[in-house]
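Below: entry_36.txt (compact mmCIF, C-alpha atoms)
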# COMPACT_ATOMS: atom_id res chain seq x y z
CA MET A 1 -23.43 1.71 28.80
CA THR A 2 -20.82 -1.03 29.28
CA ARG A 3 -17.15 -0.12 29.49
CA ALA A 4 -16.50 -1.94 26.21
CA ARG A 5 -19.18 0.09 24.41
CA ALA A 6 -17.93 3.33 25.96
CA ALA A 7 -14.35 2.64 24.88
CA LYS A 8 -15.50 1.69 21.39
CA ARG A 9 -17.54 4.90 21.07
CA LEU A 10 -14.59 7.01 22.17
CA ALA A 11 -12.32 5.30 19.64
CA GLN A 12 -14.92 5.84 16.92
CA ALA A 13 -15.28 9.50 17.88
CA ALA A 14 -11.53 9.87 17.51
CA ALA A 15 -11.59 8.20 14.11
CA PHE A 16 -14.35 10.44 12.80
CA GLY A 17 -13.17 13.65 14.43
CA GLY A 18 -16.01 14.12 16.87
CA GLY A 19 -17.11 13.31 20.37
CA GLY A 20 -15.67 16.18 22.37
CA LEU A 21 -15.69 15.44 26.09
CA GLY A 22 -19.15 13.94 26.27
CA LEU A 23 -18.11 10.37 25.61
CA ILE A 24 -15.70 10.27 28.52
CA GLY A 25 -17.63 12.57 30.83
CA ALA A 26 -17.11 16.32 30.98
CA THR A 27 -17.34 16.34 34.78
CA LEU A 28 -14.87 13.48 35.10
CA TYR A 29 -12.44 15.15 32.74
CA GLY A 30 -12.83 18.55 34.39
CA VAL A 31 -12.09 17.18 37.85
CA LEU A 32 -9.03 15.34 36.58
CA THR A 33 -7.77 18.47 34.82
CA ALA A 34 -8.08 20.44 38.06
CA GLU A 35 -6.22 17.70 39.88
CA ALA A 36 -3.48 17.76 37.22
CA GLU A 37 -2.99 21.46 37.89
CA TYR A 38 -2.71 20.74 41.61
CA ALA A 39 -0.21 17.95 40.95
CA LYS A 40 1.92 20.31 38.85
CA ARG A 41 2.13 22.75 41.76
CA VAL A 42 3.09 19.98 44.18
CA ILE A 43 5.68 18.50 41.83
CA GLY A 44 7.18 21.83 40.85
CA PRO A 45 9.24 22.60 37.75
CA MET A 46 11.06 19.79 36.00
CA ARG A 47 14.79 19.81 36.77
CA TYR A 48 16.22 16.41 35.94
CA TYR A 49 16.12 16.14 32.17
CA PRO A 50 17.33 12.81 30.78
CA THR A 51 20.16 12.44 28.27
CA PRO A 52 19.08 10.40 25.22
CA GLY A 53 20.99 7.18 24.75
CA ASP A 54 21.06 7.09 20.95
CA GLY A 55 23.56 4.57 19.69
CA LEU A 56 24.24 0.92 18.93
CA TYR A 57 23.63 -1.80 21.54
CA GLY A 58 24.56 -5.47 21.65
CA ARG A 59 27.85 -7.01 20.49
CA TYR A 60 26.26 -9.42 18.04
CA PRO A 61 26.95 -10.17 14.38
CA GLY A 62 24.60 -9.10 11.64
CA ARG A 63 22.92 -5.93 10.56
CA PRO A 64 21.29 -3.82 13.24
CA ILE A 65 17.62 -3.50 14.01
CA THR A 66 16.65 0.17 14.15
CA PHE A 67 14.44 0.92 17.14
CA ALA A 68 12.73 4.28 17.71
CA MET A 69 11.48 5.60 21.05
CA LEU A 70 8.74 8.25 20.89
CA GLY A 71 6.61 10.06 23.44
CA ASP A 72 6.75 12.13 26.60
CA SER A 73 8.71 12.09 29.86
CA SER A 74 7.77 8.46 30.52
CA ALA A 75 9.43 7.50 27.23
CA ALA A 76 12.40 9.83 27.69
CA GLY A 77 13.06 8.62 31.24
CA TYR A 78 12.58 11.88 33.12
CA GLY A 79 14.51 11.90 36.38
CA THR A 80 17.10 9.29 35.43
CA GLU A 81 20.75 10.10 36.07
CA SER A 82 22.26 8.06 33.24
CA PRO A 83 21.18 7.22 29.67
CA ASP A 84 21.58 3.56 30.64
CA GLU A 85 18.55 3.95 32.95
CA THR A 86 16.18 5.30 30.28
CA PRO A 87 13.47 3.09 28.76
CA GLY A 88 14.92 3.47 25.26
CA VAL A 89 18.32 2.06 26.24
CA LEU A 90 16.80 -0.68 28.39
CA LEU A 91 14.52 -1.79 25.56
CA ALA A 92 17.26 -1.58 22.93
CA SER A 93 19.61 -3.67 25.05
CA GLY A 94 16.93 -6.22 25.85
CA LEU A 95 15.84 -6.51 22.22
CA ALA A 96 19.46 -7.06 21.14
CA ASP A 97 19.79 -9.93 23.61
CA LEU A 98 16.55 -11.58 22.48
CA ALA A 99 17.26 -11.13 18.76
CA ASN A 100 20.99 -11.89 18.97
CA ARG A 101 21.39 -8.86 16.74
CA PRO A 102 22.72 -5.36 17.35
CA VAL A 103 20.04 -2.70 17.88
CA ARG A 104 20.42 0.94 16.92
CA LEU A 105 18.39 3.25 19.17
CA VAL A 106 16.89 6.47 17.84
CA ASP A 107 15.36 8.28 20.82
CA VAL A 108 13.15 11.22 19.82
CA ALA A 109 11.01 11.30 22.99
CA LYS A 110 10.81 14.64 24.79
CA THR A 111 9.90 15.57 28.34
CA GLY A 112 6.64 17.51 28.34
CA ALA A 113 5.53 16.22 24.93
CA LYS A 114 1.83 16.00 24.13
CA SER A 115 0.04 14.06 21.41
CA THR A 116 0.24 17.17 19.24
CA ASP A 117 4.04 16.68 19.22
CA LEU A 118 3.87 13.15 17.85
CA ALA A 119 3.81 14.16 14.18
CA ALA A 120 7.18 15.90 14.48
CA GLN A 121 8.61 12.97 16.42
CA VAL A 122 7.44 10.57 13.72
CA ASP A 123 9.09 12.80 11.10
CA ALA A 124 12.39 12.55 12.98
CA ALA A 125 12.10 8.81 13.60
CA LEU A 126 11.28 7.97 9.98
CA GLN A 127 14.53 9.54 8.84
CA ALA A 128 16.32 6.60 10.48
CA GLY A 129 14.15 3.96 8.79
CA PRO A 130 12.98 2.21 11.99
CA HIS A 131 11.90 -1.41 12.06
CA VAL A 132 10.08 -1.11 15.37
CA ALA A 133 8.92 1.81 17.52
CA VAL A 134 7.54 2.25 21.02
CA ILE A 135 5.22 5.17 21.86
CA LEU A 136 4.38 6.37 25.39
CA ILE A 137 2.17 9.47 25.34
CA GLY A 138 -0.99 10.99 26.80
CA VAL A 139 -0.56 12.16 30.39
CA ASN A 140 0.42 15.70 29.36
CA ASP A 141 -2.70 15.92 27.22
CA VAL A 142 -4.71 16.11 30.44
CA LYS A 143 -2.71 19.12 31.61
CA ALA A 144 -3.28 20.76 28.22
CA LYS A 145 -7.05 20.13 28.50
CA MET A 146 -7.02 18.22 25.22
CA PRO A 147 -10.23 16.27 24.50
CA PRO A 148 -9.58 12.52 24.81
CA SER A 149 -10.91 11.92 21.30
CA ALA A 150 -8.25 14.30 19.95
CA SER A 151 -5.52 12.48 21.89
CA VAL A 152 -6.57 9.14 20.47
CA ARG A 153 -6.87 10.55 16.95
CA LEU A 154 -3.34 12.00 17.00
CA LEU A 155 -1.92 8.75 18.38
CA THR A 156 -3.71 6.76 15.68
CA ALA A 157 -2.30 9.01 12.96
CA ALA A 158 1.23 8.43 14.28
CA VAL A 159 0.75 4.67 14.32
CA ARG A 160 -0.62 4.66 10.76
CA ARG A 161 2.34 6.67 9.46
CA LEU A 162 4.86 4.34 11.09
CA ARG A 163 3.04 1.24 9.84
CA ALA A 164 2.90 2.69 6.33
CA ALA A 165 6.71 2.78 6.51
CA ASN A 166 6.78 -0.94 7.46
CA CYS A 167 7.66 -0.14 11.06
CA GLU A 168 6.14 -2.32 13.77
CA VAL A 169 4.56 -0.27 16.56
CA VAL A 170 4.04 -0.99 20.26
CA VAL A 171 2.09 1.58 22.30
CA GLY A 172 2.13 1.68 26.08
CA THR A 173 -1.38 2.87 26.89
CA CYS A 174 -2.30 5.55 29.41
CA PRO A 175 -1.03 4.60 32.88
CA ASP A 176 -3.28 4.42 35.90
CA LEU A 177 -3.10 7.93 37.33
CA GLY A 178 -4.78 6.59 40.44
CA VAL A 179 -1.43 5.26 41.69
CA VAL A 180 0.24 8.69 41.56
CA ARG A 181 1.02 9.59 45.15
CA THR A 182 0.32 13.32 44.72
CA ILE A 183 -3.31 12.61 43.74
CA MET A 184 -5.43 12.14 46.86
CA PRO A 185 -8.81 10.40 47.36
CA PRO A 186 -11.53 10.77 46.24
CA LEU A 187 -9.94 12.25 43.12
CA ARG A 188 -7.66 9.21 42.94
CA GLN A 189 -10.68 7.08 42.04
CA VAL A 190 -11.72 9.63 39.41
CA ALA A 191 -8.22 9.55 37.92
CA ARG A 192 -8.25 5.75 37.81
CA SER A 193 -11.61 5.62 36.02
CA TRP A 194 -10.52 8.22 33.45
CA SER A 195 -7.22 6.42 32.83
CA HIS A 196 -8.91 3.07 32.22
CA ARG A 197 -11.37 4.56 29.75
CA LEU A 198 -8.67 6.33 27.76
CA ALA A 199 -6.38 3.26 27.78
CA ALA A 200 -9.17 1.08 26.39
CA ALA A 201 -9.95 3.60 23.64
CA GLN A 202 -6.25 3.86 22.76
CA THR A 203 -6.06 0.09 22.51
CA ILE A 204 -8.96 -0.18 20.09
CA ALA A 205 -7.66 2.62 17.86
CA VAL A 206 -4.03 1.46 17.84
CA VAL A 207 -4.80 -2.18 17.09
CA GLU A 208 -7.18 -1.19 14.29
CA ALA A 209 -4.37 1.01 12.88
CA GLY A 210 -2.03 -1.99 12.73
CA GLY A 211 -0.09 -1.63 15.98
CA ARG A 212 -0.21 -3.50 19.26
CA THR A 213 -0.60 -2.19 22.78
CA VAL A 214 0.69 -3.01 26.24
CA SER A 215 -1.40 -1.78 29.15
CA LEU A 216 0.84 0.03 31.58
CA GLY A 217 -2.03 0.50 34.01
CA SER A 218 -0.36 0.78 37.37
CA LEU A 219 2.79 -0.47 35.61
CA LEU A 220 3.24 -3.44 37.89
CA GLY A 221 0.13 -3.20 40.01
CA GLU A 222 0.65 -3.37 43.76
CA VAL A 223 4.42 -2.97 43.36
CA PHE A 224 4.00 0.69 42.40
CA ARG A 225 1.36 1.25 45.06
CA THR A 226 3.42 -0.15 47.91
CA ASN A 227 7.09 0.23 46.96
CA PRO A 228 8.41 3.82 47.33
CA SER A 229 11.59 2.92 45.42
CA MET A 230 9.54 2.78 42.22
CA TRP A 231 9.00 6.55 42.38
CA GLY A 232 11.42 9.34 41.52
CA ARG A 233 12.23 12.44 43.51
CA ASP A 234 9.06 14.27 42.48
CA ASN A 235 6.76 11.37 43.53
CA PHE A 236 5.09 11.64 40.12
CA HIS A 237 7.55 10.12 37.65
CA PRO A 238 9.06 6.63 38.07
CA SER A 239 12.56 6.12 39.46
CA ALA A 240 15.23 4.20 37.57
CA THR A 241 13.81 1.08 39.23
CA GLY A 242 10.33 2.01 38.06
CA TYR A 243 11.47 2.60 34.48
CA ALA A 244 13.21 -0.78 34.50
CA ALA A 245 9.97 -2.43 35.63
CA ALA A 246 7.94 -0.71 32.91
CA SER A 247 10.55 -1.59 30.26
CA ALA A 248 10.45 -5.23 31.35
CA ALA A 249 6.68 -5.21 30.82
CA LEU A 250 7.07 -3.74 27.30
CA LEU A 251 10.05 -5.78 26.10
CA PRO A 252 8.28 -9.10 25.35
CA SER A 253 5.78 -7.32 23.09
CA VAL A 254 8.53 -5.38 21.31
CA ALA A 255 10.35 -8.67 20.69
CA ALA A 256 7.16 -10.40 19.54
CA ALA A 257 6.45 -7.55 17.11
CA MET A 258 9.83 -8.30 15.52
CA GLY A 259 9.27 -12.05 15.60
CA VAL A 260 12.15 -12.77 17.98
CA GLY A 261 12.44 -14.16 21.50
CA PRO A 262 11.01 -17.28 23.09
CA GLU A 263 7.40 -16.07 23.19
CA SER A 264 6.96 -14.81 19.65
CA PHE A 265 5.35 -17.97 18.37
CA VAL A 266 3.50 -19.18 21.47
CA HIS A 267 -0.27 -19.36 21.06
CA PRO A 268 -2.52 -17.76 23.70
CA GLU A 269 -2.70 -19.93 26.81
CA PRO A 270 -6.15 -19.94 28.48
CA PHE A 271 -4.78 -21.08 31.85
CA ARG A 272 -2.83 -17.79 32.01
CA GLY A 273 -5.96 -15.74 31.31
CA GLU A 274 -5.10 -15.30 27.64
CA ALA A 275 -7.78 -15.41 24.97
CA ILE A 276 -8.97 -14.25 21.57
CA LEU A 277 -11.80 -11.75 22.01
CA PRO A 278 -13.65 -8.99 20.17
CA ILE A 279 -11.34 -5.99 20.29
CA ALA A 280 -13.50 -3.84 22.60
CA GLU A 281 -13.69 -6.60 25.23
CA ALA A 282 -9.95 -7.27 24.97
CA ALA A 283 -9.25 -3.54 25.39
CA VAL A 284 -11.30 -3.26 28.59
CA GLN A 285 -9.74 -6.37 30.12
CA ALA A 286 -6.25 -5.13 29.25
CA ALA A 287 -6.88 -1.73 30.85
CA ARG A 288 -7.56 -3.49 34.15
CA THR A 289 -4.36 -5.58 34.14
CA ALA A 290 -0.93 -4.03 33.72
CA GLY A 291 1.46 -5.68 31.29
CA THR A 292 -1.30 -7.08 29.06
CA GLU A 293 -0.73 -7.03 25.31
CA VAL A 294 -3.49 -6.64 22.73
CA ALA A 295 -2.82 -7.29 19.04
CA ALA A 296 -4.89 -8.03 15.96
CA THR A 297 -5.45 -11.67 15.06
CA GLU A 298 -7.67 -13.92 12.95
CA VAL A 299 -10.26 -16.57 13.72
CA ALA A 300 -10.84 -19.18 11.00
CA GLY A 301 -9.03 -16.91 8.56
CA ARG A 302 -11.23 -13.92 9.31
CA GLU A 303 -10.11 -10.65 10.89
CA ARG A 304 -13.60 -9.66 12.06
CA GLY A 305 -16.39 -11.38 13.93
CA PRO A 306 -20.00 -10.37 14.59
CA ARG A 307 -18.84 -7.93 17.32
CA GLY A 308 -15.94 -6.34 15.46
CA PRO A 309 -12.28 -7.17 14.79
CA TRP A 310 -10.67 -10.07 16.64
CA ALA A 311 -7.81 -9.39 19.02
CA SER A 312 -5.49 -11.58 21.08
CA LEU A 313 -5.15 -10.81 24.78
CA ARG A 314 -1.73 -11.87 26.08
CA HIS A 315 0.05 -11.75 29.44
CA ARG A 316 3.57 -12.12 28.16
CA ARG A 317 6.23 -13.21 30.60
CA ARG A 318 8.48 -10.38 31.72
CA HIS A 319 12.18 -10.61 31.08
CA PRO A 320 14.81 -9.57 33.63
CA LYS A 321 16.55 -6.24 33.24
CA ALA A 322 18.98 -6.37 30.33
CA GLU A 323 22.64 -5.60 30.75
CA VAL A 324 23.42 -2.45 28.80
CA ASP A 325 26.17 -3.08 26.25
CA ARG A 326 26.72 -0.02 24.13
CA VAL A 327 28.91 -0.49 21.07
CA ASP A 328 31.41 2.02 19.79
CA GLU A 329 30.26 2.28 16.19
CA ASP A 330 33.62 3.64 15.10
CA THR A 331 35.17 0.24 15.82
CA SER A 332 32.24 -2.03 14.93
CA GLU A 333 31.43 -3.45 11.56
CA THR A 334 27.86 -2.68 10.61
CA THR A 335 25.88 -2.11 7.44
CA ASP A 336 22.54 -0.59 6.54
CA ALA A 337 19.73 -1.97 8.65
CA VAL A 338 17.39 -4.54 7.20
CA PRO A 339 14.40 -6.41 8.66
CA VAL A 340 15.18 -9.14 11.15
CA GLY A 341 13.87 -11.88 8.90
CA SER A 342 16.20 -10.95 6.05
Here is the file; what I need is its structure written in the form of structure tokens.
Amino acid sequence: MTRARAAKRLAQAAAFGGGGLGLIGATLYGVLTAEAEYAKRVIGPMRYYPTPGDGLYGRYPGRPITFAMLGDSSAAGYGTESPDETPGVLLASGLADLANRPVRLVDVAKTGAKSTDLAAQVDAALQAGPHVAVILIGVNDVKAKMPPSASVRLLTAAVRRLRAANCEVVVGTCPDLGVVRTIMPPLRQVARSWSHRLAAAQTIAVVEAGGRTVSLGSLLGEVFRTNPSMWGRDNFHPSATGYAAASAALLPSVAAAMGVGPESFVHPEPFRGEAILPIAEAAVQAARTAGTEVAATEVAGRERGPRGPWASLRHRRRHPKAEVDRVDEDTSETTDAVPVGS
């Protein structure tokens, strides 16, 4: 079975509530679960909980864009020493600069969260009326021995709820666990294979639910493999430098989802490896290359081709780290948030 077919079957199993572990390999999943337990012992208890950076960013005129951050420790910024180092604040500040609009951050991500926690996070985020949301989730599902099809199904449900509320959604797919320094060969290769399969299945399900994905893969490839500064004190979570790199990979897609920034209206460029492909093929290619965006598109006015829905595969240019500019809302003049195009 090709990787594209395997990813498609896993996504379909999630959609129809079946599949168990068979579609991703019970042995593969069992080995990775055992390795996750070993990694937890090596890492030890979590001690450096991040402080959410909820607030208004960007000293620009106009009504604010409301941006919600959902997910687990990778979304919350576990191990950071300042809210300004968390992905939510970095993305909010960067989006404000690209949109020339203030951005209000609502950070509901929690360290240790699993896909089963997404429904409550969506409940909290929807109270703020978000225009765009980023979700980073899935690694803790392995520790909880959750079937991959269940993980994908819960993620898809969250995306559908946010889209039903007219909120754009960007999902950072499962990272490449093969780059985690506490996982040793040959289990590192097992972890990499499992991560790629799950990331591809997440991509298919999320795009079909109306969102777009960015493959985090190894975040920035060889940089994370070879640069110790990308890793935090536990050698499992990213450092502030690592979170900044991941946020820079996500930011262009967040901006494009809102229709702002220099790349929002650029067509796919074949010389950069970009293309329009059947969704399963785009998902597999994206899983192999960190920072790759997959989003739904049309060909000749049609959303589907003979091999399923069409998707655009993009390698969006990364933006430099944004300067954090938090606004004191007591002294700023703002009104209720409305869509960017209003």
Figure out the distance between CA of Ala133 in chain A and CA of Ala68 in chain A, please, to one decimal in Å.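 Calculated distance between CA of Ala68 in chain A and CA of Ala133 in chain A is 4.5 Å.
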Once you count only C-alpha atoms, what closest atom pair and distance in Å to one decimal does each residue of range 71-145 of chain A within 10 Å of range 56-64 of chain A have, with rows by chain and rising residue number, as a Markdown table?
| residue | atom | partner | partner_atom | distance |
| --- | --- | --- | --- | --- |
| A:Val89 | CA | A:Tyr57 | CA | 8.1 |
| A:Leu90 | CA | A:Tyr57 | CA | 9.7 |
| A:Leu91 | CA | A:Tyr57 | CA | 10.0 |
| A:Ala92 | CA | A:Tyr57 | CA | 6.5 |
| A:Ser93 | CA | A:Tyr57 | CA | 5.7 |
| A:Gly94 | CA | A:Gly58 | CA | 8.7 |
| A:Leu95 | CA | A:Gly58 | CA | 8.8 |
| A:Ala96 | CA | A:Gly58 | CA | 5.4 |
| A:Asp97 | CA | A:Gly58 | CA | 6.8 |
| A:Ala99 | CA | A:Tyr60 | CA | 9.2 |
| A:Asn100 | CA | A:Tyr60 | CA | 5.9 |
| A:Arg101 | CA | A:Tyr60 | CA | 5.1 |
| A:Pro102 | CA | A:Pro64 | CA | 4.6 |
| A:Val103 | CA | A:Pro64 | CA | 4.9 |
| A:Arg104 | CA | A:Leu56 | CA | 4.3 |
| A:Leu105 | CA | A:Leu56 | CA | 6.3 |
| A:Val106 | CA | A:Leu56 | CA | 9.3 |
| A:His131 | CA | A:Pro64 | CA | 9.8 |
Polymer residues at most 8 Å from Gly53 in chain A, only C-alpha atoms, same-chain spacing of 4 or more positions, as a list of chain:residue names: A:Pro83, A:Asp84, A:Thr86, A:Gly88, A:Val89, A:Leu105, A:Asp107
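Shortest atom-to-atom contact with Ile204 in chain A among A:Thr111, A:Gln127, A:Asn140, A:Ser312: A:Ser312, counting all atoms listed in the file.
The space between CA of Glu293 in chain A and CA of Leu155 in chain A spans 17.3 Å.
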What does the distance between CA of Glu274 in chain A and CA of Gly291 in chain A come to in Å, to one decimal place?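 Between CA of Glu274 in chain A and CA of Gly291 in chain A the gap works out to 12.2 Å.
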Coordinates of box centre and edge lengths for range 60-71 of chain A, 4 Å on every side, axis-aligned, as JSON:
{"center_x": 16.8, "center_y": -0.1, "center_z": 17.0, "size_x": 28.3, "size_y": 28.2, "size_z": 20.9}
Best match for closeness to Val266 in chain A among A:Asp141, A:Arg314, A:Ala75, A:Leu251, counting all atoms listed in the file: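 With all atoms listed in the file as the atom set, the closest residue is A:Arg314.
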Option closest in space to Pro306 in chain A, from A:Ala165, A:Ile279, A:Ala249, A:Val324 [counting all atoms listed in the file]: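 Smallest separation from Pro306 in chain A among the options: A:Ile279.
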Compare A:Gly55, A:Ala257, A:Thr292, A:Leu250 by their minimum atom-to-atom distance to Arg326 in chain A, counting only C-alpha atoms, and give me the closest one. A:Gly55
Which is closest to Glu81 in chain A among A:Thr241, A:Val139, A:Val108, A:Glu168, if we use all atoms listed in the file?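 Among the listed residues, the smallest separation from Glu81 in chain A belongs to A:Thr241.
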Residues around (8.9, -7.3, 18.0), cut-off 10 Å, counting all atoms listed in the file - what are they as a ChimeraX atom specification? /A:67,95,98-99,131-133,168-170,212,251-261,264,340
Point out the residue among A:Gly129, A:Gly77, A:Pro270, A:Pro148 with the least atom-to-atom distance to Ala201 in chain A, counting only C-alpha atoms.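 Among A:Gly129, A:Gly77, A:Pro270, A:Pro148, it is A:Pro148 that comes nearest to Ala201 in chain A.
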